[in-house]
Every structure is written in C-alpha cells, then in structure tokens.
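Shown next: coords-v4.cif, given as mmCIF, C-alpha atoms.
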```cif
data_target
loop_
_atom_site.label_atom_id
_atom_site.label_comp_id
_atom_site.auth_asym_id
_atom_site.auth_seq_id
_atom_site.Cartn_x
_atom_site.Cartn_y
_atom_site.Cartn_z
CA THR A 1 120.06 -26.13 29.28
CA ALA A 2 119.44 -22.95 27.32
CA TYR A 3 116.01 -21.38 27.41
CA GLU A 4 114.55 -18.36 25.75
CA ILE A 5 112.82 -15.32 27.18
CA VAL A 6 110.06 -13.81 25.10
CA ASP A 7 109.44 -10.09 25.64
CA CYS A 8 106.39 -8.65 23.88
CA ASP A 9 105.29 -5.09 23.29
CA TRP A 10 102.85 -3.32 21.02
CA SER A 11 105.32 -3.46 18.13
CA SER A 12 105.07 -7.27 18.19
CA ASP A 13 102.91 -8.88 15.56
CA VAL A 14 99.99 -11.01 16.68
CA CYS A 15 99.27 -14.39 15.07
CA SER A 16 98.26 -13.91 11.47
CA SER A 17 95.05 -15.27 10.01
CA ASP A 18 96.96 -17.45 7.60
CA LEU A 19 95.24 -20.83 7.56
CA ALA A 20 98.38 -22.91 7.74
CA GLN A 21 99.60 -20.99 10.77
CA ALA A 22 96.21 -21.26 12.44
CA LEU A 23 96.21 -25.02 11.92
CA ALA A 24 99.71 -25.28 13.32
CA LEU A 25 98.55 -23.43 16.41
CA GLU A 26 95.56 -25.66 16.93
CA GLY A 27 97.61 -28.75 16.19
CA GLY A 28 100.47 -27.96 18.52
CA GLY A 29 103.04 -25.84 16.73
CA GLN A 30 105.28 -23.60 18.84
CA LEU A 31 104.75 -20.01 17.72
CA SER A 32 106.28 -17.41 20.05
CA ARG A 33 105.92 -13.72 19.30
CA GLY A 34 108.27 -10.82 19.94
CA PRO A 35 112.03 -10.45 20.26
CA ARG A 36 114.02 -13.13 22.09
CA ARG A 37 117.10 -13.18 24.24
CA GLY A 38 118.96 -15.86 26.16
CA GLY A 39 118.05 -16.85 29.72
CA LEU A 40 117.49 -19.73 32.10
CA MET A 41 114.29 -21.09 33.58
CA THR A 42 112.88 -24.35 34.92
CA GLU A 43 109.23 -23.99 33.83
CA GLN A 44 107.74 -24.82 30.46
CA VAL A 45 106.03 -21.43 30.27
CA SER A 46 105.92 -18.62 32.81
CA LEU A 47 104.43 -15.14 33.00
CA HIS A 48 105.82 -12.36 35.17
CA ARG A 49 103.65 -9.33 35.95
CA ALA A 50 102.17 -9.78 32.50
CA GLY A 51 99.58 -7.36 31.18
CA VAL A 52 97.49 -7.39 28.00
CA ALA A 53 95.21 -4.74 26.52
CA TYR A 54 92.81 -4.69 23.56
CA GLU A 55 92.63 -1.32 21.77
CA GLY A 56 93.92 0.40 24.87
CA HIS A 57 91.55 -1.39 27.27
CA PRO A 58 93.37 -3.62 29.81
CA VAL A 59 92.09 -7.20 29.94
CA LEU A 60 94.84 -8.92 31.96
CA HIS A 61 96.70 -7.31 34.86
CA ASP A 62 99.95 -8.31 36.63
CA ILE A 63 99.67 -12.01 35.81
CA ASP A 64 102.23 -14.20 37.59
CA LEU A 65 101.99 -17.82 36.49
CA ALA A 66 104.36 -20.75 36.00
CA LEU A 67 103.53 -24.07 34.34
CA GLY A 68 105.49 -27.20 35.23
CA GLU A 69 105.51 -30.56 33.52
CA HIS A 70 102.42 -32.79 33.79
CA GLU A 71 100.29 -30.24 35.64
CA ARG A 72 96.54 -30.11 35.03
CA VAL A 73 95.41 -26.52 35.48
CA ALA A 74 91.83 -25.27 35.31
CA LEU A 75 91.02 -21.62 34.65
CA ILE A 76 87.67 -20.56 36.10
CA GLY A 77 85.76 -17.33 36.50
CA ALA A 78 82.79 -15.42 35.15
CA ASN A 79 82.38 -14.59 31.46
CA GLY A 80 84.79 -11.83 30.49
CA CYS A 81 87.18 -12.44 33.37
CA GLY A 82 90.11 -13.15 31.03
CA LYS A 83 90.25 -16.95 30.74
CA SER A 84 90.47 -17.07 26.95
CA SER A 85 92.91 -14.15 26.87
CA LEU A 86 95.13 -15.91 29.39
CA LEU A 87 95.15 -19.10 27.32
CA ARG A 88 96.18 -17.12 24.25
CA LEU A 89 98.84 -15.29 26.21
CA ILE A 90 100.28 -18.56 27.49
CA HIS A 91 100.48 -19.75 23.89
CA GLY A 92 102.16 -16.52 22.78
CA LEU A 93 99.33 -15.31 20.55
CA LEU A 94 98.87 -11.96 22.28
CA PRO A 95 101.41 -9.15 22.64
CA LEU A 96 102.21 -7.93 26.14
CA CYS A 97 101.79 -4.31 27.16
CA SER A 98 103.79 -5.02 30.33
CA GLY A 99 105.76 -7.80 31.97
CA GLN A 100 107.42 -10.86 30.46
CA ARG A 101 106.56 -14.22 28.97
CA LEU A 102 109.22 -16.93 29.25
CA GLN A 103 109.18 -20.22 27.36
CA ASP A 104 111.42 -23.24 27.19
CA PRO A 105 112.35 -23.35 23.47
CA ASN A 106 111.96 -27.14 23.52
CA THR A 107 108.37 -26.87 24.72
CA ARG A 108 105.71 -27.35 22.05
CA LEU A 109 102.27 -25.87 22.68
CA GLY A 110 98.93 -26.72 21.10
CA MET A 111 95.58 -25.03 21.49
CA MET A 112 92.05 -26.31 20.90
CA PHE A 113 89.19 -23.86 20.60
CA GLN A 114 85.52 -24.22 21.53
CA ARG A 115 84.54 -24.83 17.91
CA PRO A 116 87.42 -26.26 15.86
CA HIS A 117 87.74 -25.09 12.26
CA MET A 118 87.24 -28.08 9.99
CA LEU A 119 88.78 -28.11 6.51
CA ASN A 120 86.87 -29.15 3.41
CA THR A 121 88.73 -32.45 3.11
CA THR A 122 88.65 -35.94 4.55
CA THR A 123 88.98 -36.40 8.28
CA GLN A 124 92.27 -38.25 7.90
CA ARG A 125 93.78 -35.47 5.78
CA HIS A 126 92.46 -32.87 8.19
CA VAL A 127 94.34 -34.54 11.04
CA ALA A 128 97.45 -35.17 8.92
CA ILE A 129 97.87 -31.48 8.14
CA GLY A 130 98.92 -30.87 11.77
CA PRO A 131 102.08 -33.04 11.79
CA TRP A 132 102.78 -32.13 8.15
CA LEU A 133 102.91 -28.43 9.03
CA ALA A 134 105.20 -29.36 11.91
CA GLY A 135 107.70 -30.72 9.37
CA MET A 136 106.84 -34.41 9.00
CA ALA A 137 106.63 -36.14 5.63
CA TRP A 138 103.10 -36.38 4.24
CA ARG A 139 103.06 -40.20 4.21
CA ILE A 140 104.17 -40.32 7.84
CA SER A 141 101.63 -37.64 8.69
CA MET A 142 98.84 -39.69 7.13
CA ASP A 143 99.91 -42.77 9.13
CA LEU A 144 99.99 -40.72 12.33
CA ALA A 145 96.55 -39.32 11.51
CA MET A 146 95.05 -42.80 11.22
CA GLU A 147 96.68 -43.87 14.48
CA ALA A 148 95.39 -40.74 16.19
CA LEU A 149 91.87 -41.27 14.87
CA SER A 150 91.99 -44.81 16.16
CA ARG A 151 92.92 -43.53 19.61
CA VAL A 152 89.83 -41.34 19.73
CA GLY A 153 87.57 -44.04 18.26
CA LEU A 154 87.01 -42.36 14.91
CA GLU A 155 89.03 -44.44 12.47
CA HIS A 156 85.73 -45.37 10.75
CA VAL A 157 85.23 -41.75 9.60
CA ALA A 158 88.75 -41.30 8.20
CA ALA A 159 87.48 -41.04 4.62
CA GLN A 160 84.47 -38.90 5.54
CA SER A 161 84.45 -35.13 5.06
CA ALA A 162 85.56 -33.49 8.29
CA ARG A 163 82.85 -30.86 7.94
CA THR A 164 80.06 -33.45 8.07
CA LEU A 165 81.02 -34.69 11.55
CA SER A 166 78.95 -33.95 14.64
CA GLY A 167 80.14 -31.40 17.19
CA GLY A 168 81.39 -34.11 19.54
CA GLN A 169 83.21 -35.88 16.71
CA GLN A 170 84.84 -32.62 15.62
CA GLN A 171 86.19 -32.05 19.13
CA ARG A 172 87.56 -35.60 19.19
CA VAL A 173 89.16 -35.01 15.78
CA ALA A 174 90.78 -31.84 17.16
CA LEU A 175 92.18 -33.92 20.03
CA ALA A 176 93.41 -36.49 17.51
CA ARG A 177 95.30 -33.86 15.54
CA MET A 178 96.82 -32.56 18.76
CA TRP A 179 97.84 -36.09 19.76
CA ALA A 180 99.50 -36.54 16.35
CA ILE A 181 101.72 -33.53 17.08
CA GLN A 182 102.41 -34.60 20.69
CA PRO A 183 102.67 -31.12 22.26
CA ASP A 184 104.18 -30.69 25.71
CA VAL A 185 101.43 -28.26 26.76
CA ILE A 186 97.84 -28.41 25.55
CA LEU A 187 95.53 -25.42 25.98
CA LEU A 188 91.77 -25.99 25.79
CA ASP A 189 89.22 -23.16 25.69
CA GLU A 190 86.01 -24.61 27.14
CA PRO A 191 86.35 -27.77 25.03
CA THR A 192 82.95 -29.25 25.95
CA SER A 193 80.77 -26.15 26.43
CA SER A 194 78.80 -26.64 23.20
CA LEU A 195 78.45 -30.44 23.45
CA ASP A 196 75.59 -32.66 24.59
CA PRO A 197 76.13 -34.73 27.78
CA ARG A 198 77.21 -37.88 25.94
CA SER A 199 79.76 -36.01 23.83
CA LYS A 200 81.05 -34.19 26.91
CA HIS A 201 81.61 -37.53 28.61
CA GLU A 202 83.44 -38.90 25.57
CA VAL A 203 85.78 -35.90 25.33
CA GLU A 204 86.44 -35.93 29.09
CA ALA A 205 87.18 -39.67 28.99
CA LEU A 206 89.72 -39.14 26.21
CA LEU A 207 91.41 -36.36 28.18
CA GLU A 208 91.49 -38.44 31.37
CA HIS A 209 93.04 -41.36 29.47
CA TRP A 210 95.65 -39.07 27.88
CA MET A 211 96.48 -37.40 31.19
CA ALA A 212 96.91 -40.78 32.91
CA ARG A 213 99.89 -41.66 30.69
CA THR A 214 103.36 -41.35 32.17
CA ASP A 215 104.32 -39.07 29.26
CA ALA A 216 101.19 -36.94 29.59
CA PRO A 217 101.47 -33.30 28.53
CA THR A 218 100.69 -30.36 30.75
CA LEU A 219 97.00 -29.47 30.50
CA VAL A 220 95.56 -25.97 30.87
CA PHE A 221 91.83 -25.58 30.26
CA ALA A 222 89.13 -22.98 30.77
CA SER A 223 85.80 -24.24 32.05
CA HIS A 224 82.53 -23.14 33.65
CA ASN A 225 81.81 -26.72 34.69
CA LEU A 226 83.04 -27.09 38.28
CA GLY A 227 82.38 -30.82 38.22
CA GLN A 228 84.65 -31.10 35.20
CA VAL A 229 87.28 -29.04 37.02
CA LYS A 230 87.16 -31.47 39.97
CA ARG A 231 87.50 -34.45 37.65
CA LEU A 232 90.29 -33.20 35.39
CA ALA A 233 92.35 -30.61 37.28
CA THR A 234 95.04 -30.84 39.93
CA ARG A 235 95.29 -27.04 40.23
CA VAL A 236 92.67 -24.30 39.99
CA ILE A 237 93.21 -20.66 39.02
CA TYR A 238 90.35 -18.23 39.64
CA LEU A 239 90.28 -15.01 37.60
CA GLU A 240 88.23 -11.89 38.15
CA ALA A 241 88.41 -8.72 36.04
CA GLY A 242 91.65 -9.89 34.41
CA ARG A 243 93.48 -10.69 37.65
CA ILE A 244 94.41 -13.99 39.28
CA LEU A 245 92.78 -13.94 42.72
CA ALA A 246 93.34 -17.60 43.65
CA ASP A 247 95.82 -20.27 42.56
CA LEU A 248 95.44 -23.45 44.61
CA PRO A 249 95.61 -27.24 44.46
CA VAL A 250 92.18 -28.54 43.46
CA ARG A 251 91.53 -30.15 46.86
CA ASP A 252 92.39 -26.94 48.72
CA PHE A 253 90.19 -24.94 46.38
CA PHE A 254 87.07 -27.05 46.86
CA GLU A 255 87.61 -28.44 50.37
CA GLY A 256 89.76 -25.82 52.09
CA PRO A 257 88.67 -22.67 53.97
CA LEU A 258 88.19 -20.74 50.72
CA GLN A 259 85.67 -18.38 52.31
CA HIS A 260 88.36 -17.02 54.62
CA THR A 261 91.43 -17.25 52.38
CA HIS A 262 89.93 -16.24 48.99
CA PRO A 263 86.45 -14.74 49.55
CA GLN A 264 85.92 -13.65 45.92
CA ALA A 265 86.61 -17.17 44.64
CA HIS A 266 84.32 -18.61 47.32
CA ALA A 267 81.54 -16.24 46.26
CA PHE A 268 81.91 -17.36 42.63
CA VAL A 269 81.80 -21.05 43.54
CA LYS A 270 78.66 -20.49 45.62
CA GLY A 271 77.00 -18.59 42.81
CA VAL A 272 77.00 -15.21 44.55
CA LEU A 273 78.96 -13.59 41.73
CA PRO A 274 77.66 -13.63 38.13
#
```
Is it possible to give me this structure as structure tokens?
Amino acid sequence: TAYEIVDCDWSSDVCSSDLAQALALEGGGQLSRGPRRGGLMTEQVSLHRAGVAYEGHPVLHDIDLALGEHERVALIGANGCGKSSLLRLIHGLLPLCSGQRLQDPNTRLGMMFQRPHMLNTTTQRHVAIGPWLAGMAWRISMDLAMEALSRVGLEHVAAQSARTLSGGQQQRVALARMWAIQPDVILLDEPTSSLDPRSKHEVEALLEHWMARTDAPTLVFASHNLGQVKRLATRVIYLEAGRILADLPVRDFFEGPLQHTHPQAHAFVKGVLP
C-alpha cells in the first residue's frame, strides 16, 4: 500500500480562514499541508521529532507519536502545555519547524473544537454541508444529515436554526456532522469543557456508543477531566511545556507506579503542578 509523507516548513501555508475549508476540517475532511513524497508506513498518522513554533516561540518540541486504528488517546496537561497545538499538528493544520508528519493518504481526519461554529441555517443543512463539501451530492448529504441527527437524538430540531441550539445540542450537532463524514480519526479539543453536567454526560455517552462499534474511528481528545479520561481513553499522553513526558496505557497511567516512572505526570495528577 502506498502512503504519503508530509514534510512541513515555514514556507508551508497554514489552513486558510475560508469558511468552506473550516467546515470541511471540522466535519472530517483530509487537509494535509506542505510538500509530499512517496513512502511507506503502518500508522494512520505519525510524528517524528516534530517541532512547532508561533512567531518564533517554540510550543512543541521533539514530538514522537504514532496513531493506530481504533485507539482512544487522551491528551492531558496544564493550560498552555501544547494539547491544542498537538491536535492541530496531528490534523496537519500547523506547519512544522522541525521533524516530519506522516499520514496514510486514505485516512480521513475530522476535528471538533470547544465551541463549534454554527451557520445561520437550519440544523439539517448545517450538518449536510460536511458531507457535501466532501464531495457527496446535496440530496444524499441531506439524507445523511437527518440520519446523523437521529443518531444523536436531535432529529426533532432538524428544521430549527442551528444558532438557536443550546451549547450541549451544538456539540451533539458537531458530532452528527462528523458522523456523516465518517472520518477514520476524530480529534476533539476539550469537547465538554463548557457544558453543564447533563450535557457532558450526553456527549460522553454518544462518544462511548460510537467508540464501541466494531468500525469505530481512532479518537484523540484533549481534556482536563481525569474522570472523563478514565472513562473514554485506552491511552494517556501527558504534556508539559510542549513535550511529551508520558505515553502509557490508561491503566498503567492511573494504577501503575507513576510516581517512580513519570514523576512530573504523577505531580500533575495529584494536583501538585498548576
């Protein structure tokens, strides 16, 4: 099988602010940046000694990371540690100042942000735009949108303006649009941080149901909620100052001798670090 290697440098263009492209990103479109050349790999996405800087200030350092099919990976760490930047780098939205990003060209990625952008249109049309931008016919996209809304329990708001929905409903709509695209890797940036407890439970339940399917996508999510990490993740990555300091199975992270093997991660879990 042929795969592609994506090398990025400062001459690479970052994702534009074009609305259609932004919606494709959130809905699951594959948008890699930078020149490409042939290569072979077994992972969906991998990073090799990857570094990222904003305006000359490094924010990610020597990142080595590989994502395999059906993994559920949680990114944890203090505010400003690089979780959101790492999610964007995995998706290919940020240019590299060092290292490599490799991606299986058949792998589709979708990203959901903390506060999804809702269009000034009906909820069904809002969801349908995702598969339509991915190349599906509009009628098929509208059918997929209704099926997706049904899966998240929101078919009754299909004709309602997407902008009038509650925060929890908007997150569920974002999940619906992602489901309509069926990405192989979904990237979630603190998807429940701004939600009330009931809405958090609803979004988590939808994710757990999706991840329980035999054709479940790979899940990578950033979270400050360690209980959520225990419930959803099979693998935990701890970041500090833009570096990965721990990468462990979830059971080893929370039940293993973390204090001795990864003292910085242990200090964060115990609340010693900010």
* Which one is closest to A:Arg151: A:Pro95, A:Gln264, A:Tyr54, A:Trp210? Count only C-alpha atoms. ->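 Nearest candidate to A:Arg151 out of A:Pro95, A:Gln264, A:Tyr54, A:Trp210: A:Trp210.
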Against stretch 106-109 of chain A, which residues of stretch 113-226 of chain A fall within 8 Å? For each one I want the closest pair of atoms and the distance in Å (one decimal), counting only C-alpha atoms, rows by chain and increasing residue number, as a Markdown table.
```
| residue | atom | partner | partner_atom | distance |
| --- | --- | --- | --- | --- |
| A:Pro183 | CA | A:Arg108 | CA | 4.8 |
| A:Asp184 | CA | A:Arg108 | CA | 5.2 |
| A:Val185 | CA | A:Leu109 | CA | 4.8 |
| A:Ile186 | CA | A:Leu109 | CA | 5.9 |
| A:Leu187 | CA | A:Leu109 | CA | 7.5 |
```
Is there a way to get, as a short mmCIF file (atom, residue, chain, number, x, y, z; two decimals) with C-alpha atoms, in the coordinates of the input, all residues within 9 Å of the point (82.5, -25.3, 34.0) in file coordinates, counting only C-alpha atoms?
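point-v2.cif was written with the following content:
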```
data_model
loop_
_atom_site.label_atom_id
_atom_site.label_comp_id
_atom_site.auth_asym_id
_atom_site.auth_seq_id
_atom_site.Cartn_x
_atom_site.Cartn_y
_atom_site.Cartn_z
CA ILE A 76 87.67 -20.56 36.10
CA GLY A 77 85.76 -17.33 36.50
CA GLU A 190 86.01 -24.61 27.14
CA THR A 192 82.95 -29.25 25.95
CA SER A 193 80.77 -26.15 26.43
CA ALA A 222 89.13 -22.98 30.77
CA SER A 223 85.80 -24.24 32.05
CA HIS A 224 82.53 -23.14 33.65
CA ASN A 225 81.81 -26.72 34.69
CA LEU A 226 83.04 -27.09 38.28
CA GLY A 227 82.38 -30.82 38.22
CA GLN A 228 84.65 -31.10 35.20
CA VAL A 229 87.28 -29.04 37.02
#
```
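The list of residues with at least one atom within 8 Å of A:Leu60, based on only C-alpha atoms and without residues fewer than 6 positions apart in the same chain, reads Ala50, Gly51, Val52, Ala53, Gly82, Ser85, Leu86, Ala241, Gly242 and Arg243 of chain A.
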* Chain and number of each residue from the PyMOL selection byres ((chain A and resi 250) around 10), as a list in words -> Arg72, Val73, Ala74, Val229, Lys230, Arg231, Leu232, Ala233, Thr234, Arg235, Val236, Ile237, Asp247, Leu248, Pro249, Arg251, Asp252, Phe253, Phe254, Glu255 and Gly256 of chain A
* Asked: Distance atom CA of A:Leu65-atom CA of A:Gln100, one decimal place?
  ->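 The value is 10.7 Å.
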* Asked: Which value, in Å to one decimal, gives the distance between atom CA of A:Phe268 and atom CA of A:Pro116?
  ->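 Atom CA of A:Pro116 lies 28.7 Å from atom CA of A:Phe268.
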* To do: Work out how far apart atom CA of A:Arg139 and atom CA of A:Thr121 are and give it in Å to one decimal.
  =>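 These two atoms are separated by 16.3 Å.
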* To do: Run the PyMOL selection byres ((chain A and resi 188) around 6) on the file and write out the hits as number ranges by chain.
  => A: 111-112, 187, 189, 191, 221
Can you write stretch 122-176 of chain A from the block above with C-alpha atoms, as a PDB file, in the first residue's frame?
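Once everything was written out, this is result-v8.pdb:
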```pdb
ATOM      1  CA  THR A 122     -31.247  25.004   9.636  1.00  0.00           C
ATOM      2  CA  THR A 123     -29.625  22.307  11.713  1.00  0.00           C
ATOM      3  CA  GLN A 124     -30.113  19.721   8.971  1.00  0.00           C
ATOM      4  CA  ARG A 125     -28.445  21.927   6.358  1.00  0.00           C
ATOM      5  CA  HIS A 126     -25.646  22.739   8.781  1.00  0.00           C
ATOM      6  CA  VAL A 127     -24.875  19.031   9.152  1.00  0.00           C
ATOM      7  CA  ALA A 128     -25.340  18.336   5.427  1.00  0.00           C
ATOM      8  CA  ILE A 129     -22.657  20.846   4.458  1.00  0.00           C
ATOM      9  CA  GLY A 130     -19.992  18.488   5.863  1.00  0.00           C
ATOM     10  CA  PRO A 131     -20.577  15.539   3.501  1.00  0.00           C
ATOM     11  CA  TRP A 132     -21.432  17.927   0.646  1.00  0.00           C
ATOM     12  CA  LEU A 133     -18.022  19.594   0.937  1.00  0.00           C
ATOM     13  CA  ALA A 134     -16.504  16.114   0.977  1.00  0.00           C
ATOM     14  CA  GLY A 135     -17.966  15.539  -2.498  1.00  0.00           C
ATOM     15  CA  MET A 136     -21.368  13.947  -1.909  1.00  0.00           C
ATOM     16  CA  ALA A 137     -24.495  15.033  -3.762  1.00  0.00           C
ATOM     17  CA  TRP A 138     -26.629  17.529  -1.849  1.00  0.00           C
ATOM     18  CA  ARG A 139     -29.679  15.234  -1.682  1.00  0.00           C
ATOM     19  CA  ILE A 140     -27.566  12.400  -0.287  1.00  0.00           C
ATOM     20  CA  SER A 141     -25.923  14.828   2.118  1.00  0.00           C
ATOM     21  CA  MET A 142     -29.313  15.938   3.415  1.00  0.00           C
ATOM     22  CA  ASP A 143     -30.360  12.305   3.954  1.00  0.00           C
ATOM     23  CA  LEU A 144     -27.113  11.586   5.793  1.00  0.00           C
ATOM     24  CA  ALA A 145     -27.640  14.696   7.908  1.00  0.00           C
ATOM     25  CA  MET A 146     -31.069  13.517   9.052  1.00  0.00           C
ATOM     26  CA  GLU A 147     -29.710  10.056   9.843  1.00  0.00           C
ATOM     27  CA  ALA A 148     -26.831  11.601  11.784  1.00  0.00           C
ATOM     28  CA  LEU A 149     -29.159  13.878  13.745  1.00  0.00           C
ATOM     29  CA  SER A 150     -31.269  10.864  14.600  1.00  0.00           C
ATOM     30  CA  ARG A 151     -28.205   9.090  15.962  1.00  0.00           C
ATOM     31  CA  VAL A 152     -27.510  11.944  18.363  1.00  0.00           C
ATOM     32  CA  GLY A 153     -31.183  12.335  19.334  1.00  0.00           C
ATOM     33  CA  LEU A 154     -31.726  15.669  17.613  1.00  0.00           C
ATOM     34  CA  GLU A 155     -33.869  14.841  14.606  1.00  0.00           C
ATOM     35  CA  HIS A 156     -36.635  16.989  16.163  1.00  0.00           C
ATOM     36  CA  VAL A 157     -34.524  20.157  15.692  1.00  0.00           C
ATOM     37  CA  ALA A 158     -33.624  19.474  12.049  1.00  0.00           C
ATOM     38  CA  ALA A 159     -35.654  22.447  10.806  1.00  0.00           C
ATOM     39  CA  GLN A 160     -34.572  24.745  13.639  1.00  0.00           C
ATOM     40  CA  SER A 161     -31.838  27.344  13.204  1.00  0.00           C
ATOM     41  CA  ALA A 162     -28.533  25.833  14.275  1.00  0.00           C
ATOM     42  CA  ARG A 163     -27.591  29.040  16.063  1.00  0.00           C
ATOM     43  CA  THR A 164     -30.564  28.798  18.437  1.00  0.00           C
ATOM     44  CA  LEU A 165     -29.468  25.452  19.901  1.00  0.00           C
ATOM     45  CA  SER A 166     -28.067  25.098  23.404  1.00  0.00           C
ATOM     46  CA  GLY A 167     -24.355  24.507  23.950  1.00  0.00           C
ATOM     47  CA  GLY A 168     -24.882  20.795  24.542  1.00  0.00           C
ATOM     48  CA  GLN A 169     -27.047  20.488  21.442  1.00  0.00           C
ATOM     49  CA  GLN A 170     -24.441  22.300  19.350  1.00  0.00           C
ATOM     50  CA  GLN A 171     -21.757  19.837  20.448  1.00  0.00           C
ATOM     51  CA  ARG A 172     -24.047  16.940  19.560  1.00  0.00           C
ATOM     52  CA  VAL A 173     -24.715  18.539  16.164  1.00  0.00           C
ATOM     53  CA  ALA A 174     -20.944  18.811  15.623  1.00  0.00           C
ATOM     54  CA  LEU A 175     -20.660  15.095  16.403  1.00  0.00           C
ATOM     55  CA  ALA A 176     -23.516  14.414  13.981  1.00  0.00           C
TER      56      ALA A 176
END
```
